[in-house]
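Trainee: This is entry11.pdb (PDB, C-alpha atoms).
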```pdb
ATOM      1  CA  LEU D   1      16.301  -4.508 -26.325
ATOM      2  CA  GLY D   2      13.624  -5.142 -28.943
ATOM      3  CA  ASN D   3      10.105  -5.063 -27.548
ATOM      4  CA  LEU D   4      10.340  -3.377 -24.199
ATOM      5  CA  GLY D   5       6.919  -2.826 -22.745
ATOM      6  CA  THR D   6       4.852  -2.907 -19.618
ATOM      7  CA  ILE D   7       2.105  -5.167 -18.408
ATOM      8  CA  GLU D   8      -0.545  -4.038 -15.994
ATOM      9  CA  PHE D   9      -3.962  -5.491 -15.298
ATOM     10  CA  ALA D  10      -6.158  -3.019 -13.441
ATOM     11  CA  GLY D  11      -4.254   0.212 -13.846
ATOM     12  CA  GLY D  12      -3.149   2.232 -10.890
ATOM     13  CA  THR D  13       0.618   2.091 -11.311
ATOM     14  CA  VAL D  14       0.806   5.561 -12.798
ATOM     15  CA  VAL D  15      -1.797   6.904 -10.362
ATOM     16  CA  HIS D  16      -0.179   5.469  -7.233
ATOM     17  CA  ILE D  17       3.433   6.223  -8.105
ATOM     18  CA  ASN D  18       2.594   9.757  -9.232
ATOM     19  CA  SER D  19       0.452  10.496  -6.182
ATOM     20  CA  GLY D  20       3.202   9.176  -3.937
ATOM     21  CA  VAL D  21       5.917  11.261  -5.565
ATOM     22  CA  ALA D  22       3.652  14.336  -5.576
ATOM     23  CA  ALA D  23       2.914  13.860  -1.869
ATOM     24  CA  LEU D  24       6.617  13.534  -1.084
ATOM     25  CA  ALA D  25       7.413  16.662  -3.092
ATOM     26  CA  ALA D  26       4.604  18.576  -1.364
ATOM     27  CA  ALA D  27       5.761  17.425   2.078
ATOM     28  CA  ILE D  28       9.311  18.565   1.360
ATOM     29  CA  ILE D  29       8.316  21.885  -0.235
ATOM     30  CA  LEU D  30       5.610  22.817   2.273
ATOM     31  CA  GLY D  31       7.589  21.596   5.260
ATOM     32  CA  ARG D  32       6.412  20.193   8.541
ATOM     33  CA  ARG D  33       3.207  21.087  10.330
ATOM     34  CA  ILE D  34       3.533  23.458  13.276
ATOM     35  CA  GLY D  35       4.396  21.365  16.299
ATOM     36  CA  TYR D  36       5.562  18.331  14.294
ATOM     37  CA  GLY D  37       8.005  16.343  16.416
ATOM     38  CA  HIS D  38       7.138  18.319  19.546
ATOM     39  CA  GLU D  39       3.429  17.651  19.993
ATOM     40  CA  PRO D  40       1.640  14.322  19.635
ATOM     41  CA  MET D  41      -0.184  14.165  16.310
ATOM     42  CA  ILE D  42      -2.219  11.007  16.657
ATOM     43  CA  PRO D  43      -5.145  10.153  14.379
ATOM     44  CA  HIS D  44      -8.224  11.867  15.726
ATOM     45  CA  ASN D  45     -10.894   9.352  14.675
ATOM     46  CA  VAL D  46      -9.797   5.729  14.532
ATOM     47  CA  PRO D  47     -13.288   4.342  13.750
ATOM     48  CA  LEU D  48     -13.494   6.499  10.620
ATOM     49  CA  VAL D  49     -10.067   5.271   9.507
ATOM     50  CA  VAL D  50     -11.227   1.675   9.923
ATOM     51  CA  ILE D  51     -14.490   2.332   8.081
ATOM     52  CA  GLY D  52     -12.580   4.071   5.278
ATOM     53  CA  ALA D  53     -10.100   1.200   4.950
ATOM     54  CA  ALA D  54     -12.938  -1.337   4.936
ATOM     55  CA  LEU D  55     -14.760   0.589   2.206
ATOM     56  CA  LEU D  56     -11.563   0.801   0.175
ATOM     57  CA  TRP D  57     -10.926  -2.922   0.574
ATOM     58  CA  PHE D  58     -14.485  -3.762  -0.492
ATOM     59  CA  GLY D  59     -14.415  -1.355  -3.421
ATOM     60  CA  TRP D  60     -11.051  -2.644  -4.574
ATOM     61  CA  PHE D  61     -12.665  -6.023  -5.329
ATOM     62  CA  GLY D  62     -14.882  -4.338  -7.901
ATOM     63  CA  PHE D  63     -11.996  -2.352  -9.293
ATOM     64  CA  ASN D  64      -9.586  -5.258  -9.744
ATOM     65  CA  ALA D  65     -12.044  -8.041 -10.566
ATOM     66  CA  GLY D  66     -14.102  -5.681 -12.719
ATOM     67  CA  SER D  67     -11.038  -4.953 -14.822
ATOM     68  CA  ALA D  68     -11.453  -8.421 -16.324
ATOM     69  CA  LEU D  69     -14.516  -6.989 -18.102
ATOM     70  CA  ALA D  70     -16.225 -10.378 -17.732
ATOM     71  CA  ALA D  71     -17.505 -12.713 -15.022
ATOM     72  CA  ASP D  72     -14.873 -15.347 -15.675
ATOM     73  CA  GLY D  73     -11.873 -17.078 -14.150
ATOM     74  CA  THR D  74      -9.684 -14.008 -14.538
ATOM     75  CA  ALA D  75     -12.154 -11.934 -12.532
ATOM     76  CA  VAL D  76     -12.333 -14.580  -9.810
ATOM     77  CA  ASN D  77      -8.551 -14.789  -9.676
ATOM     78  CA  ALA D  78      -8.251 -10.998  -9.435
ATOM     79  CA  PHE D  79     -10.791 -11.013  -6.600
ATOM     80  CA  VAL D  80      -8.956 -13.742  -4.660
ATOM     81  CA  VAL D  81      -5.445 -12.336  -5.064
ATOM     82  CA  THR D  82      -6.671  -8.847  -4.151
ATOM     83  CA  ASN D  83      -7.941 -10.113  -0.818
ATOM     84  CA  THR D  84      -4.875 -12.313  -0.273
ATOM     85  CA  ALA D  85      -2.323  -9.556  -0.886
ATOM     86  CA  ALA D  86      -4.198  -7.062   1.293
ATOM     87  CA  ALA D  87      -4.401  -9.547   4.156
ATOM     88  CA  ALA D  88      -0.721 -10.519   3.796
ATOM     89  CA  ALA D  89       0.372  -6.883   3.794
ATOM     90  CA  MET D  90      -1.818  -6.072   6.789
ATOM     91  CA  LEU D  91      -0.405  -8.954   8.837
ATOM     92  CA  THR D  92       3.136  -8.096   7.756
ATOM     93  CA  TRP D  93       2.707  -4.435   8.716
ATOM     94  CA  VAL D  94       1.388  -5.386  12.161
ATOM     95  CA  GLY D  95       4.271  -7.844  12.555
ATOM     96  CA  MET D  96       6.789  -5.191  11.550
ATOM     97  CA  SER D  97       5.344  -2.829  14.138
ATOM     98  CA  TRP D  98       5.530  -5.454  16.803
ATOM     99  CA  GLY D  99       8.988  -6.646  15.782
ATOM    100  CA  PHE D 100      10.487  -3.173  15.873
ATOM    101  CA  GLY D 101       9.315  -2.589  19.419
ATOM    102  CA  LYS D 102       6.262  -0.542  18.655
ATOM    103  CA  LYS D 103       2.746  -1.276  19.668
ATOM    104  CA  PRO D 104       0.712  -2.706  16.765
ATOM    105  CA  SER D 105      -2.263  -0.524  15.924
ATOM    106  CA  VAL D 106      -5.495  -0.622  13.992
ATOM    107  CA  ILE D 107      -4.256   2.386  12.000
ATOM    108  CA  GLY D 108      -1.148   0.405  11.051
ATOM    109  CA  ALA D 109      -3.253  -2.600  10.073
ATOM    110  CA  ALA D 110      -5.421  -0.378   7.873
ATOM    111  CA  SER D 111      -2.332   1.193   6.282
ATOM    112  CA  GLY D 112      -0.878  -2.253   5.630
ATOM    113  CA  ALA D 113      -4.090  -3.444   3.977
ATOM    114  CA  VAL D 114      -4.162  -0.419   1.677
ATOM    115  CA  ALA D 115      -0.472  -0.963   0.830
ATOM    116  CA  GLY D 116      -1.310  -4.523  -0.193
ATOM    117  CA  LEU D 117      -4.240  -3.361  -2.309
ATOM    118  CA  VAL D 118      -2.052  -0.814  -4.074
ATOM    119  CA  ALA D 119       0.724  -3.333  -4.723
ATOM    120  CA  ILE D 120      -1.443  -6.168  -6.083
ATOM    121  CA  THR D 121      -3.481  -4.046  -8.489
ATOM    122  CA  PRO D 122      -1.210  -4.175 -11.559
ATOM    123  CA  ALA D 123      -0.618  -7.925 -11.078
ATOM    124  CA  SER D 124      -4.120  -8.980 -10.048
ATOM    125  CA  GLY D 125      -5.069 -10.534 -13.372
ATOM    126  CA  PHE D 126      -1.731 -12.240 -13.960
ATOM    127  CA  VAL D 127      -0.612 -13.926 -10.718
ATOM    128  CA  GLY D 128      -1.838 -16.655  -8.426
ATOM    129  CA  VAL D 129      -2.227 -16.844  -4.672
ATOM    130  CA  VAL D 130       1.402 -17.574  -3.729
ATOM    131  CA  PRO D 131       2.776 -14.568  -5.628
ATOM    132  CA  ALA D 132      -0.048 -12.485  -4.120
ATOM    133  CA  ILE D 133       1.177 -13.446  -0.647
ATOM    134  CA  LEU D 134       4.723 -12.451  -1.619
ATOM    135  CA  ILE D 135       3.522  -9.174  -3.135
ATOM    136  CA  GLY D 136       1.525  -8.440   0.015
ATOM    137  CA  PHE D 137       4.477  -9.352   2.236
ATOM    138  CA  GLY D 138       6.767  -7.097   0.199
ATOM    139  CA  ALA D 139       4.253  -4.255   0.407
ATOM    140  CA  GLY D 140       4.007  -4.632   4.168
ATOM    141  CA  VAL D 141       7.772  -4.578   4.649
ATOM    142  CA  LEU D 142       8.645  -1.894   2.104
ATOM    143  CA  CYS D 143       5.782   0.496   2.863
ATOM    144  CA  TYR D 144       6.264   0.206   6.633
ATOM    145  CA  GLY D 145       9.979   0.841   6.129
ATOM    146  CA  ALA D 146       9.313   3.852   3.902
ATOM    147  CA  ILE D 147       7.103   5.464   6.527
ATOM    148  CA  GLU D 148       9.671   4.809   9.246
ATOM    149  CA  LEU D 149      12.396   6.293   7.018
ATOM    150  CA  LEU D 150      10.410   9.491   6.465
ATOM    151  CA  ALA D 151       9.824   9.772  10.216
ATOM    152  CA  LYS D 152      13.583   9.466  10.842
ATOM    153  CA  LEU D 153      14.241  12.089   8.167
ATOM    154  CA  ARG D 154      11.564  14.289   9.792
ATOM    155  CA  VAL D 155       9.562  14.597   6.564
ATOM    156  CA  ASP D 156       5.929  15.214   7.480
ATOM    157  CA  ASP D 157       3.886  13.070   5.075
ATOM    158  CA  SER D 158       0.878  13.176   7.383
ATOM    159  CA  LEU D 159      -1.247  10.705   5.385
ATOM    160  CA  ALA D 160       1.643   8.367   4.488
ATOM    161  CA  VAL D 161       0.877   8.792   0.789
ATOM    162  CA  TRP D 162       4.468   8.375  -0.330
ATOM    163  CA  GLY D 163       5.020   5.356   1.894
ATOM    164  CA  VAL D 164       1.796   3.538   0.991
ATOM    165  CA  HIS D 165       0.996   4.655  -2.552
ATOM    166  CA  GLY D 166       4.383   5.687  -3.944
ATOM    167  CA  VAL D 167       6.410   2.805  -2.555
ATOM    168  CA  GLY D 168       3.509   0.327  -2.768
ATOM    169  CA  GLY D 169       2.805   1.278  -6.381
ATOM    170  CA  THR D 170       6.457   1.005  -7.328
ATOM    171  CA  TRP D 171       6.782  -2.388  -5.645
ATOM    172  CA  GLY D 172       3.559  -3.550  -7.324
ATOM    173  CA  ALA D 173       4.793  -2.538 -10.773
ATOM    174  CA  LEU D 174       8.113  -4.321 -10.239
ATOM    175  CA  ALA D 175       6.456  -7.370  -8.657
ATOM    176  CA  THR D 176       4.127  -7.692 -11.643
ATOM    177  CA  GLY D 177       7.155  -8.201 -13.849
ATOM    178  CA  LEU D 178       8.719 -10.612 -11.382
ATOM    179  CA  PHE D 179       5.663 -12.808 -10.862
ATOM    180  CA  VAL D 180       3.559 -12.549 -14.037
ATOM    181  CA  GLY D 181       2.272 -15.955 -15.026
ATOM    182  CA  VAL D 182       3.290 -17.567 -11.716
ATOM    183  CA  GLY D 183       0.423 -19.501 -10.147
TER     184      GLY D 183
END
```
Just give me the structure of the file as structure tokens.

Mentor:
Amino acid sequence: LGNLGTIEFAGGTVVHINSGVAALAAAIILGRRIGYGHEPMIPHNVPLVVIGAALLWFGWFGFNAGSALAADGTAVNAFVVTNTAAAAAMLTWVGMSWGFGKKPSVIGAASGAVAGLVAITPASGFVGVVPAILIGFGAGVLCYGAIELLAKLRVDDSLAVWGVHGVGGTWGALATGLFVGVG
């Protein structure tokens, strides 16, 4: 196997995968909230979720583009693919919701955008726009599916950390290897 290594541009793979696995373990060990599955547990402040997602999206530009450590073409590329993947994942998540007979929601759109941000981070300095769209699409599909799977298994990951960060981070790490150097 010779030189077996990893490539990652802006970091985050270890952070996202670990936080996702830790959240899943905590959800399983601590169990469900009282009333889970019997009482509606809808988000209590949608505007704050939207503001939080918008701040994350904006800040992620600095994180990914800033990882180039220069104001150059790599930074510009990281900026563009960060936005592209987040938008692709957001649209995919909303489409998945709609396609599976659920009502699309702003909360779902925000979750999809964050999933795209998580997934593109390790690849943001190495891929072009088309791979960013594919990475975002994959994040939308896989992360939405992970959250639906946990709901079916009645695992109460109330903030969808495993679905968005764990699955999104894992997909992003794998997608970096698949698409590195592809424009």

Trainee: Would you mind listing, for every residue of region 11-118 of chain D within 6 Å of region 168-182 of chain D, the two atoms forming the shortest contact and the distance between them in Å to one decimal, using all atoms listed in the file, sorted by chain and ascending residue number, as CSV?

Mentor:
```
residue,atom,partner,partner_atom,distance
D:Thr13,CA,D:Gly169,CA,5.5
D:His16,CA,D:Gly169,CA,5.2
D:Ile17,CA,D:Gly169,CA,5.3
D:Ala115,CA,D:Gly168,CA,5.5
D:Val118,CA,D:Gly169,CA,5.8
```

Trainee: Using C-alpha atoms, can you export the residues from the last selection as a CSV table (one decimal), in the coordinates of the input?

Mentor:
```
chain,number,residue,atom,x,y,z
D,13,THR,CA,0.6,2.1,-11.3
D,16,HIS,CA,-0.2,5.5,-7.2
D,17,ILE,CA,3.4,6.2,-8.1
D,115,ALA,CA,-0.5,-1.0,0.8
D,118,VAL,CA,-2.1,-0.8,-4.1
```

Trainee: To verify the selection step, state as an NGL selection string which residues the PyMOL selection byres ((chain D and resi 57-60) around 9) yields on this input.

Mentor: :D and (52-56 or 61-65 or 79 or 82-83 or 86 or 113-114 or 117 or 121)

Trainee: Please build the interface table for region 132-181 of chain D against region 18-23 of chain D with a cut-off of 10 Å, listing for each qualifying residue the nearest atom pair and the distance in Å to one decimal; count only C-alpha atoms, order rows by chain and increasing number, and write it as JSON lines.

Mentor:
```
{"residue": "D:Asp156", "atom": "CA", "partner": "D:Ala23", "partner_atom": "CA", "distance": 9.9}
{"residue": "D:Asp157", "atom": "CA", "partner": "D:Ala23", "partner_atom": "CA", "distance": 7.1}
{"residue": "D:Ser158", "atom": "CA", "partner": "D:Ala23", "partner_atom": "CA", "distance": 9.5}
{"residue": "D:Leu159", "atom": "CA", "partner": "D:Ala23", "partner_atom": "CA", "distance": 8.9}
{"residue": "D:Ala160", "atom": "CA", "partner": "D:Ala23", "partner_atom": "CA", "distance": 8.5}
{"residue": "D:Val161", "atom": "CA", "partner": "D:Gly20", "partner_atom": "CA", "distance": 5.3}
{"residue": "D:Trp162", "atom": "CA", "partner": "D:Gly20", "partner_atom": "CA", "distance": 3.9}
{"residue": "D:Gly163", "atom": "CA", "partner": "D:Gly20", "partner_atom": "CA", "distance": 7.2}
{"residue": "D:Val164", "atom": "CA", "partner": "D:Gly20", "partner_atom": "CA", "distance": 7.6}
{"residue": "D:His165", "atom": "CA", "partner": "D:Gly20", "partner_atom": "CA", "distance": 5.2}
{"residue": "D:Gly166", "atom": "CA", "partner": "D:Gly20", "partner_atom": "CA", "distance": 3.7}
{"residue": "D:Val167", "atom": "CA", "partner": "D:Gly20", "partner_atom": "CA", "distance": 7.3}
{"residue": "D:Gly168", "atom": "CA", "partner": "D:Gly20", "partner_atom": "CA", "distance": 8.9}
{"residue": "D:Gly169", "atom": "CA", "partner": "D:Gly20", "partner_atom": "CA", "distance": 8.3}
{"residue": "D:Thr170", "atom": "CA", "partner": "D:Gly20", "partner_atom": "CA", "distance": 9.4}
```

Trainee: Just say which residues the PyMOL selection byres ((chain D and resi 98-108) around 12) picks in this file, as a PDB file with C-alpha atoms, in the frame of the given file.

Mentor:
```
ATOM      1  CA  ILE D  42      -2.219  11.007  16.657  1.00  0.00           C
ATOM      2  CA  PRO D  43      -5.145  10.153  14.379  1.00  0.00           C
ATOM      3  CA  HIS D  44      -8.224  11.867  15.726  1.00  0.00           C
ATOM      4  CA  ASN D  45     -10.894   9.352  14.675  1.00  0.00           C
ATOM      5  CA  VAL D  46      -9.797   5.729  14.532  1.00  0.00           C
ATOM      6  CA  PRO D  47     -13.288   4.342  13.750  1.00  0.00           C
ATOM      7  CA  LEU D  48     -13.494   6.499  10.620  1.00  0.00           C
ATOM      8  CA  VAL D  49     -10.067   5.271   9.507  1.00  0.00           C
ATOM      9  CA  VAL D  50     -11.227   1.675   9.923  1.00  0.00           C
ATOM     10  CA  ILE D  51     -14.490   2.332   8.081  1.00  0.00           C
ATOM     11  CA  GLY D  52     -12.580   4.071   5.278  1.00  0.00           C
ATOM     12  CA  ALA D  53     -10.100   1.200   4.950  1.00  0.00           C
ATOM     13  CA  ALA D  54     -12.938  -1.337   4.936  1.00  0.00           C
ATOM     14  CA  ALA D  89       0.372  -6.883   3.794  1.00  0.00           C
ATOM     15  CA  MET D  90      -1.818  -6.072   6.789  1.00  0.00           C
ATOM     16  CA  LEU D  91      -0.405  -8.954   8.837  1.00  0.00           C
ATOM     17  CA  THR D  92       3.136  -8.096   7.756  1.00  0.00           C
ATOM     18  CA  TRP D  93       2.707  -4.435   8.716  1.00  0.00           C
ATOM     19  CA  VAL D  94       1.388  -5.386  12.161  1.00  0.00           C
ATOM     20  CA  GLY D  95       4.271  -7.844  12.555  1.00  0.00           C
ATOM     21  CA  MET D  96       6.789  -5.191  11.550  1.00  0.00           C
ATOM     22  CA  SER D  97       5.344  -2.829  14.138  1.00  0.00           C
ATOM     23  CA  ALA D 109      -3.253  -2.600  10.073  1.00  0.00           C
ATOM     24  CA  ALA D 110      -5.421  -0.378   7.873  1.00  0.00           C
ATOM     25  CA  SER D 111      -2.332   1.193   6.282  1.00  0.00           C
ATOM     26  CA  GLY D 112      -0.878  -2.253   5.630  1.00  0.00           C
ATOM     27  CA  ALA D 113      -4.090  -3.444   3.977  1.00  0.00           C
ATOM     28  CA  VAL D 114      -4.162  -0.419   1.677  1.00  0.00           C
ATOM     29  CA  ALA D 115      -0.472  -0.963   0.830  1.00  0.00           C
ATOM     30  CA  GLY D 140       4.007  -4.632   4.168  1.00  0.00           C
ATOM     31  CA  VAL D 141       7.772  -4.578   4.649  1.00  0.00           C
ATOM     32  CA  CYS D 143       5.782   0.496   2.863  1.00  0.00           C
ATOM     33  CA  TYR D 144       6.264   0.206   6.633  1.00  0.00           C
ATOM     34  CA  GLY D 145       9.979   0.841   6.129  1.00  0.00           C
ATOM     35  CA  ILE D 147       7.103   5.464   6.527  1.00  0.00           C
ATOM     36  CA  GLU D 148       9.671   4.809   9.246  1.00  0.00           C
ATOM     37  CA  LEU D 159      -1.247  10.705   5.385  1.00  0.00           C
ATOM     38  CA  ALA D 160       1.643   8.367   4.488  1.00  0.00           C
ATOM     39  CA  VAL D 164       1.796   3.538   0.991  1.00  0.00           C
TER      40      VAL D 164
END
```

Trainee: If you count all atoms listed in the file, which residues fall within 12 Å of Leu153 (chain D), apart from same-chain ones fewer than 5 positions away, as JSON, numbers by chain?

Mentor: {"D": [27, 28, 31, 32, 37, 146, 147, 148]}

Trainee: Expressed in Å to a single decimal, how great is the separation between CA of Phe137 (chain D) and CA of Ala25 (chain D)?

Mentor: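 Going from CA of Phe137 (chain D) over to CA of Ala25 (chain D), I get 26.7 Å.
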
Trainee: Please measure the separation of CA of Gly125 (chain D) and CA of Asn77 (chain D), giving the value in Å to one decimal.

Mentor: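 So the answer is 6.6 Å.
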
Trainee: How far is it from CA of Ala87 (chain D) to CA of Leu69 (chain D), in Å with one decimal?

Mentor: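 CA of Leu69 (chain D) lies 24.6 Å from CA of Ala87 (chain D).
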